[in-house]
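To be precise, the following lines are input23.csv, and they hold CSV, C-alpha atoms.
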chain,number,residue,atom,x,y,z
A,1038,MET,CA,0.0,0.0,0.0
A,1039,THR,CA,1.4,3.4,-1.0
A,1040,ALA,CA,1.8,6.3,1.4
A,1041,ARG,CA,-0.9,8.2,-0.5
A,1042,ALA,CA,-3.4,5.3,-0.1
A,1043,ILE,CA,-2.6,5.2,3.7
A,1044,LEU,CA,-3.2,9.0,4.0
A,1045,GLU,CA,-6.5,8.7,2.1
A,1046,ARG,CA,-7.7,5.9,4.3
A,1047,THR,CA,-6.6,7.7,7.4
A,1048,PHE,CA,-8.4,10.9,6.3
A,1049,THR,CA,-11.6,8.9,5.5
A,1050,VAL,CA,-11.5,7.2,9.0
A,1051,VAL,CA,-11.0,10.6,10.7
A,1052,VAL,CA,-13.9,12.2,8.8
A,1053,ALA,CA,-16.2,9.2,9.5
A,1054,ILE,CA,-15.4,9.4,13.2
A,1055,VAL,CA,-16.1,13.2,13.3
A,1056,VAL,CA,-19.4,12.8,11.5
A,1057,ILE,CA,-20.5,9.9,13.7
A,1058,ALA,CA,-19.5,11.7,16.8
A,1059,LEU,CA,-21.5,14.9,15.8
A,1060,VAL,CA,-24.6,12.9,14.8
A,1061,LEU,CA,-24.6,10.7,17.8
A,1062,GLY,CA,-24.0,13.7,20.0
A,1063,GLN,CA,-27.1,15.3,18.6
A,1064,LEU,CA,-29.2,12.1,18.9
A,1065,LEU,CA,-28.1,11.5,22.5
A,1066,GLY,CA,-28.3,15.1,23.6
A,1067,GLN,CA,-24.7,15.4,24.8
A,1068,PRO,CA,-21.3,15.9,23.1
A,1069,ILE,CA,-19.4,12.9,22.1
A,1070,LEU,CA,-15.7,13.6,21.3
A,1071,LEU,CA,-16.7,17.0,19.8
A,1072,GLY,CA,-18.9,19.8,21.0
A,1073,TYR,CA,-19.5,23.4,20.1
A,1074,VAL,CA,-20.8,26.7,21.5
A,1075,THR,CA,-23.6,28.8,20.0
A,1076,THR,CA,-23.0,32.1,22.0
A,1077,GLY,CA,-20.1,34.4,22.8
A,1078,SER,CA,-20.2,33.8,26.6
A,1079,MET,CA,-16.9,31.9,26.4
A,1080,GLU,CA,-15.0,34.4,24.3
A,1081,PRO,CA,-12.1,34.8,23.7
A,1082,THR,CA,-11.4,31.2,24.8
A,1083,ILE,CA,-14.1,29.7,22.5
A,1084,ASP,CA,-15.7,32.0,19.9
A,1085,ALA,CA,-19.4,31.6,19.0
A,1086,GLY,CA,-19.7,28.8,16.5
A,1087,ASP,CA,-16.4,27.2,17.3
A,1088,GLY,CA,-16.0,23.6,18.3
A,1089,PHE,CA,-13.9,21.9,20.9
A,1090,VAL,CA,-12.8,18.4,21.9
A,1091,ALA,CA,-15.1,17.1,24.6
A,1092,ILE,CA,-14.0,14.3,27.0
A,1093,PRO,CA,-16.9,12.5,28.7
A,1094,SER,CA,-17.1,13.0,32.5
A,1095,ALA,CA,-17.0,9.2,32.9
A,1096,VAL,CA,-13.4,9.3,31.7
A,1097,THR,CA,-12.2,12.6,33.4
A,1098,GLY,CA,-13.8,12.2,36.8
A,1099,SER,CA,-14.5,15.2,39.0
A,1100,PRO,CA,-13.3,18.5,37.5
A,1101,ASP,CA,-11.4,21.3,39.2
A,1102,THR,CA,-11.2,25.0,39.2
A,1103,GLY,CA,-10.2,26.3,35.8
A,1104,ASP,CA,-11.7,23.4,33.8
A,1105,VAL,CA,-14.2,24.2,31.1
A,1106,VAL,CA,-17.2,21.9,31.4
A,1107,VAL,CA,-20.4,21.0,29.6
A,1108,PHE,CA,-23.3,20.7,32.1
A,1109,GLU,CA,-27.0,20.3,32.1
A,1110,ALA,CA,-28.2,23.7,33.4
A,1111,THR,CA,-31.2,24.2,35.5
A,1112,GLU,CA,-32.1,27.8,34.6
A,1113,LEU,CA,-29.6,28.8,31.8
A,1114,HIS,CA,-30.7,28.2,28.2
A,1115,ASP,CA,-34.0,26.9,29.5
A,1116,GLY,CA,-32.3,24.0,31.2
A,1117,GLY,CA,-30.1,23.0,28.1
A,1118,LEU,CA,-26.5,22.1,27.9
A,1119,THR,CA,-24.1,25.0,28.8
A,1120,THR,CA,-20.4,25.2,28.3
A,1121,HIS,CA,-18.8,27.4,31.0
A,1122,ARG,CA,-15.7,27.5,33.2
A,1123,ILE,CA,-15.5,26.4,36.8
A,1124,VAL,CA,-14.3,29.3,38.9
A,1125,ASP,CA,-14.8,27.9,42.4
A,1126,VAL,CA,-15.4,24.6,44.1
A,1127,THR,CA,-17.6,24.4,47.3
A,1128,ALA,CA,-18.8,21.6,49.4
A,1129,ASP,CA,-22.2,21.8,47.7
A,1130,GLY,CA,-21.1,22.1,44.1
A,1131,TYR,CA,-19.3,24.1,41.5
A,1132,VAL,CA,-19.5,27.9,40.8
A,1133,THR,CA,-19.4,28.4,37.0
A,1134,ALA,CA,-19.2,31.4,34.7
A,1135,GLY,CA,-18.6,32.3,31.1
A,1136,ASP,CA,-15.2,33.9,30.4
A,1137,ALA,CA,-16.9,36.8,28.8
A,1138,ASN,CA,-19.5,37.3,31.6
A,1139,PRO,CA,-18.8,39.8,34.4
A,1140,PHE,CA,-20.8,37.6,36.9
A,1141,THR,CA,-21.1,34.0,37.7
A,1142,ASP,CA,-24.0,31.7,36.7
A,1143,GLN,CA,-25.0,31.4,40.3
A,1144,ASP,CA,-25.2,35.2,40.6
A,1145,GLY,CA,-27.7,35.0,37.8
A,1146,GLY,CA,-29.9,32.4,39.5
A,1147,GLU,CA,-28.4,29.1,38.4
A,1148,PRO,CA,-27.9,26.7,41.4
A,1149,LEU,CA,-24.5,25.3,42.2
A,1150,VAL,CA,-23.5,22.7,39.5
A,1151,THR,CA,-23.0,19.2,40.8
A,1152,ASP,CA,-21.0,16.3,39.4
A,1153,GLY,CA,-24.2,14.7,38.2
A,1154,GLN,CA,-25.0,17.6,35.9
A,1155,ILE,CA,-21.5,17.6,34.2
A,1156,VAL,CA,-21.5,15.5,31.0
A,1157,ALA,CA,-18.1,16.4,29.5
A,1158,THR,CA,-14.9,18.4,30.0
A,1159,ALA,CA,-13.2,20.4,27.2
A,1160,LEU,CA,-9.7,19.2,26.4
A,1161,GLN,CA,-7.0,21.7,27.4
A,1162,ILE,CA,-3.3,21.6,26.5
A,1163,ASN,CA,-1.0,23.9,28.5
A,1164,GLY,CA,-4.0,25.6,29.9
A,1165,HIS,CA,-5.6,26.4,26.5
A,1166,VAL,CA,-8.8,24.8,25.3
A,1167,VAL,CA,-8.3,22.9,22.0
A,1168,THR,CA,-10.8,24.5,19.6
A,1169,ILE,CA,-11.9,23.7,16.1
A,1170,PRO,CA,-12.8,27.0,14.3
A,1171,HIS,CA,-16.3,27.3,12.8
A,1172,LEU,CA,-17.2,23.6,13.5
A,1173,GLY,CA,-20.4,24.6,15.3
A,1174,THR,CA,-21.3,27.1,12.5
A,1175,ALA,CA,-21.0,24.4,9.9
A,1176,VAL,CA,-23.0,21.9,11.9
A,1177,MET,CA,-25.7,24.4,12.7
A,1178,GLY,CA,-25.8,25.4,9.0
A,1179,ILE,CA,-26.3,21.8,7.9
A,1180,HIS,CA,-29.0,21.4,10.5
A,1181,SER,CA,-30.8,24.5,9.3
A,1182,VAL,CA,-30.6,23.5,5.7
A,1183,VAL,CA,-31.6,19.9,6.3
A,1184,GLY,CA,-34.4,21.0,8.6
A,1185,GLY,CA,-35.7,23.6,6.2
A,1186,VAL,CA,-35.7,21.1,3.3
A,1187,PHE,CA,-37.4,18.5,5.4
A,1188,ASP,CA,-40.1,20.9,6.5
A,1189,THR,CA,-40.7,22.0,2.9
A,1190,VAL,CA,-41.0,18.5,1.7
A,1191,THR,CA,-43.2,17.2,4.5
A,1192,ALA,CA,-45.6,20.3,4.6
A,1193,PRO,CA,-47.6,19.1,1.5
A,1194,LEU,CA,-47.8,15.7,3.0
A,1195,GLY,CA,-49.4,16.9,6.2
A,1196,GLY,CA,-46.3,17.7,8.3
A,1197,SER,CA,-46.8,20.8,10.5
A,1198,GLU,CA,-44.2,20.7,13.3
A,1199,PRO,CA,-40.8,22.2,12.5
A,1200,THR,CA,-37.8,20.0,13.1
A,1201,ASP,CA,-35.4,20.5,16.0
A,1202,GLY,CA,-31.8,19.6,16.5
A,1203,SER,CA,-32.4,15.9,17.2
A,1204,ASP,CA,-34.7,15.6,14.2
A,1205,ALA,CA,-31.9,17.1,12.0
A,1206,GLY,CA,-29.5,14.6,13.4
A,1207,ALA,CA,-31.8,11.7,12.6
A,1208,ILE,CA,-32.4,13.2,9.1
A,1209,LEU,CA,-28.6,13.2,8.5
A,1210,VAL,CA,-28.4,9.5,9.5
A,1211,ALA,CA,-31.3,8.8,7.1
A,1212,MET,CA,-29.6,10.7,4.3
A,1213,GLY,CA,-26.4,8.8,4.8
A,1214,VAL,CA,-28.2,5.5,4.6
A,1215,ALA,CA,-30.1,6.7,1.5
A,1216,LEU,CA,-27.0,7.9,-0.2
A,1217,LEU,CA,-25.3,4.5,0.5
A,1218,GLY,CA,-28.3,2.7,-1.0
A,1219,LEU,CA,-28.2,5.0,-4.1
A,1220,GLY,CA,-24.5,4.3,-4.4
A,1221,VAL,CA,-25.0,0.6,-4.4
A,1222,LEU,CA,-27.9,0.9,-6.9
A,1223,PHE,CA,-25.8,3.0,-9.3
A,1224,ASP,CA,-22.9,0.6,-8.9
A,1225,ARG,CA,-25.3,-2.3,-9.9
A,1226,THR,CA,-27.2,-0.7,-12.7
A,1227,GLY,CA,-24.8,1.8,-14.1
A,1228,VAL,CA,-22.8,1.5,-17.3
A,1229,GLU,CA,-20.3,-1.2,-16.9
A,1230,GLN,CA,-16.7,-0.1,-17.2
A,1231,ARG,CA,-14.1,-2.2,-18.8
A,1232,GLN,CA,-11.6,-3.5,-16.3
A,1233,ALA,CA,-8.0,-2.7,-17.2
A,1234,THR,CA,-6.7,-4.9,-14.5
A,1235,ARG,CA,-7.6,-8.4,-13.4
A,1236,SER,CA,-9.0,-8.9,-9.9
A,1237,THR,CA,-7.4,-11.5,-7.7
A,1238,SER,CA,-10.3,-11.5,-5.2
A,1239,ARG,CA,-12.7,-14.4,-5.1
A,1240,GLU,CA,-16.3,-13.5,-6.0
A,1241,ASN,CA,-19.2,-14.5,-3.8
A,1242,VAL,CA,-16.9,-15.4,-0.9
A,1243,LEU,CA,-17.1,-13.7,2.4
A,1244,ALA,CA,-14.4,-14.1,5.0
A,1245,ILE,CA,-15.8,-15.6,8.2
A,1246,TRP,CA,-14.1,-13.2,10.4
A,1247,ALA,CA,-15.4,-10.2,8.4
A,1248,ALA,CA,-18.9,-11.6,8.8
A,1249,ILE,CA,-18.4,-12.1,12.5
A,1250,ALA,CA,-17.0,-8.5,12.8
A,1251,VAL,CA,-20.2,-7.1,11.3
A,1252,VAL,CA,-22.4,-9.2,13.6
A,1253,LEU,CA,-20.4,-8.2,16.6
A,1254,PHE,CA,-20.5,-4.5,15.7
A,1255,VAL,CA,-24.2,-4.5,15.5
A,1256,LEU,CA,-24.8,-6.6,18.7
A,1257,VAL,CA,-22.2,-4.6,20.7
A,1258,SER,CA,-23.7,-1.3,19.5
A,1259,LEU,CA,-27.2,-2.5,20.5
A,1260,ALA,CA,-26.0,-3.8,23.9
A,1261,THR,CA,-24.1,-0.6,24.7
A,1262,ALA,CA,-27.1,1.5,23.7
A,1263,ALA,CA,-29.4,-0.7,25.9
A,1264,MET,CA,-27.2,0.1,28.9
A,1265,VAL,CA,-26.2,3.7,28.2
A,1266,LEU,CA,-29.4,5.3,26.9
A,1267,PRO,CA,-31.7,4.4,29.9
A,1268,SER,CA,-28.9,5.5,32.3
A,1269,GLY,CA,-28.6,9.0,33.4
A,1270,VAL,CA,-28.9,11.4,36.3
A,1271,THR,CA,-32.2,12.3,38.0
A,1272,ALA,CA,-32.7,15.7,39.7
A,1273,TYR,CA,-34.8,16.2,42.8
A,1274,GLU,CA,-35.8,19.6,44.0
A,1275,LEU,CA,-35.6,20.1,47.8
A,1276,VAL,CA,-36.8,23.1,49.9
A,1277,SER,CA,-35.3,23.6,53.3
A,1278,THR,CA,-37.6,25.8,55.4
A,1279,ASP,CA,-38.7,26.6,58.9
A,1280,ASP,CA,-42.3,25.9,57.8
A,1281,PRO,CA,-42.2,22.4,56.4
A,1282,THR,CA,-45.2,20.5,55.0
A,1283,ASP,CA,-46.2,16.9,54.4
A,1284,ASP,CA,-44.4,17.1,51.1
A,1285,PRO,CA,-41.3,14.9,51.5
A,1286,GLN,CA,-39.4,17.5,49.4
A,1287,VAL,CA,-40.3,20.5,51.7
A,1288,LEU,CA,-38.4,19.8,54.9
A,1289,ALA,CA,-37.1,21.5,58.0
A,1290,PRO,CA,-33.3,22.0,58.1
A,1291,GLY,CA,-31.7,18.7,58.9
A,1292,GLU,CA,-34.9,16.7,58.3
A,1293,THR,CA,-35.0,13.7,55.9
A,1294,GLY,CA,-37.8,12.9,53.5
A,1295,GLU,CA,-38.3,9.7,51.4
A,1296,LEU,CA,-39.5,9.2,47.9
A,1297,THR,CA,-40.1,6.1,45.8
A,1298,ARG,CA,-38.2,5.6,42.6
A,1299,THR,CA,-39.7,3.1,40.2
A,1300,ILE,CA,-37.3,1.4,37.7
A,1301,ASP,CA,-38.7,0.0,34.5
A,1302,ASN,CA,-37.0,-2.6,32.4
A,1303,ALA,CA,-38.6,-2.7,28.9
A,1304,GLY,CA,-36.1,-5.1,27.6
A,1305,TYR,CA,-36.1,-8.9,27.4
A,1306,LEU,CA,-33.0,-9.5,29.5
A,1307,PRO,CA,-32.6,-8.9,33.2
A,1308,THR,CA,-30.8,-5.7,34.2
A,1309,VAL,CA,-28.7,-4.6,37.1
A,1310,VAL,CA,-29.3,-1.0,38.2
A,1311,VAL,CA,-26.7,0.8,40.3
A,1312,PHE,CA,-27.5,4.1,42.1
A,1313,GLU,CA,-24.8,6.6,42.8
A,1314,ALA,CA,-25.3,9.9,44.7
A,1315,SER,CA,-24.0,12.8,42.6
A,1316,SER,CA,-24.6,15.5,45.2
A,1317,PRO,CA,-24.6,15.6,49.0
A,1318,GLY,CA,-27.8,15.1,51.0
A,1319,ILE,CA,-29.2,12.2,48.9
A,1320,ALA,CA,-29.1,8.4,49.2
A,1321,THR,CA,-30.9,5.4,47.9
A,1322,ASP,CA,-32.0,2.1,49.5
A,1323,PRO,CA,-30.9,-0.3,48.2
A,1324,GLU,CA,-27.8,1.0,46.5
A,1325,TRP,CA,-28.3,-1.5,43.6
A,1326,LEU,CA,-31.0,-3.9,42.5
A,1327,THR,CA,-32.0,-6.3,39.7
A,1328,VAL,CA,-34.9,-5.8,37.4
A,1329,GLY,CA,-36.3,-8.8,35.6
A,1330,SER,CA,-37.3,-9.0,31.9
A,1331,ARG,CA,-40.1,-6.5,31.1
A,1332,ASP,CA,-40.6,-5.9,34.8
A,1333,THR,CA,-40.3,-3.0,37.4
A,1334,ALA,CA,-38.6,-2.6,40.7
A,1335,GLU,CA,-38.6,0.1,43.4
A,1336,ALA,CA,-36.0,1.9,45.4
A,1337,THR,CA,-36.3,4.5,48.2
A,1338,VAL,CA,-34.6,7.9,47.7
A,1339,SER,CA,-33.8,9.8,50.9
A,1340,LEU,CA,-33.4,13.6,50.8
A,1341,THR,CA,-31.8,15.4,53.7
A,1342,ALA,CA,-32.4,19.2,53.9
A,1343,PRO,CA,-29.3,21.3,54.6
A,1344,ASP,CA,-29.0,23.7,57.5
A,1345,SER,CA,-29.4,26.7,55.3
A,1346,SER,CA,-32.9,27.5,54.1
A,1347,GLY,CA,-33.8,27.9,50.5
A,1348,GLN,CA,-34.3,25.8,47.4
A,1349,HIS,CA,-31.8,23.1,46.6
A,1350,THR,CA,-31.3,20.5,43.9
A,1351,ARG,CA,-30.0,17.0,44.5
A,1352,HIS,CA,-28.9,14.5,41.9
A,1353,VAL,CA,-28.6,10.7,41.8
A,1354,GLY,CA,-27.0,8.8,39.0
A,1355,GLU,CA,-28.5,5.6,37.6
A,1356,TYR,CA,-26.4,3.1,35.7
A,1357,ARG,CA,-27.8,0.0,34.0
A,1358,TYR,CA,-26.0,-3.2,32.9
A,1359,ILE,CA,-27.3,-6.2,31.1
A,1360,MET,CA,-27.1,-9.1,33.6
A,1361,VAL,CA,-24.9,-11.5,31.7
A,1362,LEU,CA,-22.6,-11.7,34.7
A,1363,PRO,CA,-23.4,-12.2,38.4
A,1364,PRO,CA,-24.9,-9.0,39.8
A,1365,THR,CA,-22.3,-8.6,42.6
A,1366,LEU,CA,-19.5,-8.9,40.0
A,1367,LEU,CA,-21.1,-6.2,37.9
A,1368,VAL,CA,-21.5,-3.9,40.9
A,1369,TRP,CA,-17.9,-4.5,41.8
A,1370,LEU,CA,-16.8,-3.7,38.2
A,1371,HIS,CA,-19.0,-0.6,38.4
A,1372,GLY,CA,-17.1,0.5,41.5
A,1373,LEU,CA,-13.9,0.4,39.5
A,1374,HIS,CA,-15.4,2.4,36.7
A,1375,PRO,CA,-18.7,2.3,34.8
A,1376,LEU,CA,-16.8,1.9,31.5
A,1377,ILE,CA,-15.1,-1.3,32.9
A,1378,ALA,CA,-18.5,-2.8,33.7
A,1379,ILE,CA,-19.9,-2.0,30.2
A,1380,ALA,CA,-16.7,-3.4,28.6
A,1381,ALA,CA,-17.1,-6.6,30.7
A,1382,VAL,CA,-20.7,-7.1,29.5
A,1383,ASN,CA,-19.7,-6.5,25.9
A,1384,ALA,CA,-16.8,-9.0,26.3
A,1385,VAL,CA,-19.3,-11.7,27.3
A,1386,VAL,CA,-21.5,-10.8,24.4
A,1387,VAL,CA,-18.5,-11.0,22.0
A,1388,GLY,CA,-17.4,-14.4,23.5
A,1389,VAL,CA,-20.8,-16.0,23.3
A,1390,VAL,CA,-21.5,-14.8,19.7
A,1391,VAL,CA,-18.1,-15.8,18.4
A,1392,ALA,CA,-18.4,-19.3,20.0
A,1393,ILE,CA,-21.9,-19.8,18.5
A,1394,LEU,CA,-20.9,-18.6,15.0
A,1395,LEU,CA,-17.7,-20.6,14.9
A,1396,GLY,CA,-19.6,-23.6,16.1
A,1397,LEU,CA,-22.2,-23.2,13.3
A,1398,TYR,CA,-19.9,-22.2,10.4
A,1399,GLY,CA,-16.4,-23.1,11.4
A,1400,THR,CA,-13.4,-21.0,10.5
A,1401,ASP,CA,-13.7,-21.5,6.7
A,1402,ASP,CA,-14.8,-18.6,4.5
A,1403,LEU,CA,-18.5,-18.3,3.7
A,1404,ARG,CA,-19.5,-18.8,0.0
A,1405,ILE,CA,-22.5,-16.7,-0.9
A,1406,ARG,CA,-24.4,-18.3,-3.7
A,1407,ARG,CA,-26.6,-16.5,-6.1
A,1408,ILE,CA,-30.4,-17.0,-6.0
A,1409,GLY,CA,-31.3,-20.1,-8.0
A,1410,GLY,CA,-31.8,-23.8,-7.5
A,1411,HIS,CA,-29.5,-24.1,-4.5
A,1412,VAL,CA,-30.2,-25.5,-1.2
A,1413,ALA,CA,-32.5,-23.3,1.0
A,1414,PRO,CA,-30.8,-21.4,3.8
A,1415,SER,CA,-32.9,-23.2,6.4
A,1416,THR,CA,-31.7,-26.5,5.1
A,1417,ARG,CA,-28.1,-25.5,5.2
A,1418,LEU,CA,-28.5,-24.2,8.7
A,1419,ARG,CA,-30.1,-27.4,9.8
A,1420,ARG,CA,-27.2,-29.4,8.3
A,1421,LYS,CA,-24.7,-27.3,10.1
A,1422,LEU,CA,-26.5,-27.9,13.4
A,1423,GLN,CA,-26.6,-31.6,12.8
A,1424,LYS,CA,-22.9,-31.6,12.0
A,1425,TRP,CA,-22.1,-29.5,15.0
A,1426,ARG,CA,-23.9,-32.0,17.3
Represent the supplied structure as structure tokens.
Amino acid sequence: MTARAILERTFTVVVAIVVIALVLGQLLGQPILLGYVTTGSMEPTIDAGDGFVAIPSAVTGSPDTGDVVVFEATELHDGGLTTHRIVDVTADGYVTAGDANPFTDQDGGEPLVTDGQIVATALQINGHVVTIPHLGTAVMGIHSVVGGVFDTVTAPLGGSEPTDGSDAGAILVAMGVALLGLGVLFDRTGVEQRQATRSTSRENVLAIWAAIAVVLFVLVSLATAAMVLPSGVTAYELVSTDDPTDDPQVLAPGETGELTRTIDNAGYLPTVVVFEASSPGIATDPEWLTVGSRDTAEATVSLTAPDSSGQHTRHVGEYRYIMVLPPTLLVWLHGLHPLIAIAAVNAVVVGVVVAILLGLYGTDDLRIRRIGGHVAPSTRLRRKLQKWR
């Protein structure tokens, strides 16, 4: 392989990773690898419309003073994601502010930011945030164009609601699939070009490991999504007052109230759910539980009012893992790091699937026959099963 071919493939992989990260970030509602700002509140560190490298909080751990973080605001931007700098750390949370703002977010009414609200930290090298000029402007432009075209096309068909950012992300995915399909169609039906060189590859033969890789990619993606998407952080509002009520969230200073948290498992596999307090004054009982297939379970959430009166926000994280390993082992792995527990589940999925596929088809390449008078796939599969037994 020539140096030019290596560079072209590397460039293609990098572009693919960037596009996938941006689209998934839009669909999941949080930055993955890359993020961007839409306002000038972080100037001159990050200009409006610029992007930055975003490291998930699960990797970075708790931030410190001077870090630029992406957090789920309570008041700012109507409760949307906000990218600001941590300017102080207190026992109850973080004080944040935009570099261009003369006051902190908390001076403007935003409660102290807790670890549970932080979804990513901007990568800094030698104290400077790594930025990607105009990345956000380009993404927002694409979203605007795609959304406008989609609304124009769907309006005559009865569509009335304008698309939002998530819709635009989904549309980009659909467009990519459609373009891929058109490319395959044109390749099959277009004018046949005379081949100047002779191919040494075998037609209608698929390497077994390539087939396994595709199957594993799909299954691991689905398994990871089944664990990551239902997980998240739940916020509980708490009022500490000298005039408490029967509401378990309106308490006297130092008093504790209890709420019931119902966990639903819509999947067909049992799930282990681990709770983790993301702010002081909150706890769950039990700290972890199992939820059966298409079943529900309950946990008790305890809220303790601080000594200072006022309105407070408490957060508890919820992590889900498919129960392919003993629950106590998954909880222990979660204690090491949530990503380790997810990797362990995926490793079991990979091992089981590889063993089944190799048992059914062996290590020889798969020959894909054209449609005709050949043996039916069900018959071939039955023969494989009989041979395997």
Could you tell me how far CA of Arg1298 (chain A) lies from CA of Ala1334 (chain A), in Å and to one decimal? 8.4 Å
May I have the residues within 10 Å of region 1118-1123 of chain A as a ChimeraX atom specification, using all atoms listed in the file and disregarding those fewer than 2 positions away in the same chain? /A:1066-1068,1072-1076,1078-1079,1083,1100-1111,1113-1116,1125-1126,1131-1138,1141-1142,1150,1154-1159
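Residue nearest Gln1161 (chain A) within the list A:Phe1089, A:Ala1250, A:His1349, A:Met1264: A:Phe1089 [criterion: smallest interatomic distance, only C-alpha atoms].
Across the structure, CA of Asp1284 (chain A) and CA of Thr1341 (chain A) are spaced 13.0 Å apart.
Computed from the coordinates, the CA of Val1310 (chain A) to CA of Trp1325 (chain A) distance equals 5.5 Å.
Closest approach to Asp1279 (chain A) from the set A:Glu1080, A:Glu1147, A:Glu1045, A:Asp1344 is made by A:Asp1344, with distances taken over only C-alpha atoms.
Distance annotation: of A:Val1368, A:Ala1263, A:Leu1296, A:Ile1377, the residue with the minimal separation from Phe1312 (chain A) is A:Val1368; atom set is all atoms listed in the file.
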In terms of the shortest atom-to-atom distance over all atoms listed in the file, which of A:Pro1343, A:Tyr1358, A:Gly1388, A:Thr1151 is closest to Val1270 (chain A)? A:Thr1151
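Counting all atoms listed in the file, the residue from A:Leu1071, A:Ile1379, A:Ala1303, A:Ala1040 that sits nearest to Val1176 (chain A) is A:Leu1071.
For the residues A:Gly1178, A:Pro1267, A:Pro1170, A:Pro1364, ranking by smallest atom-to-atom distance to Asp1087 (chain A) using all atoms listed in the file places A:Pro1170 first.
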Residue neighbourhood region 1288-1295 of chain A, 8 Å, only C-alpha atoms, exclusion window fewer than 5 positions, as a count of residues only: 18
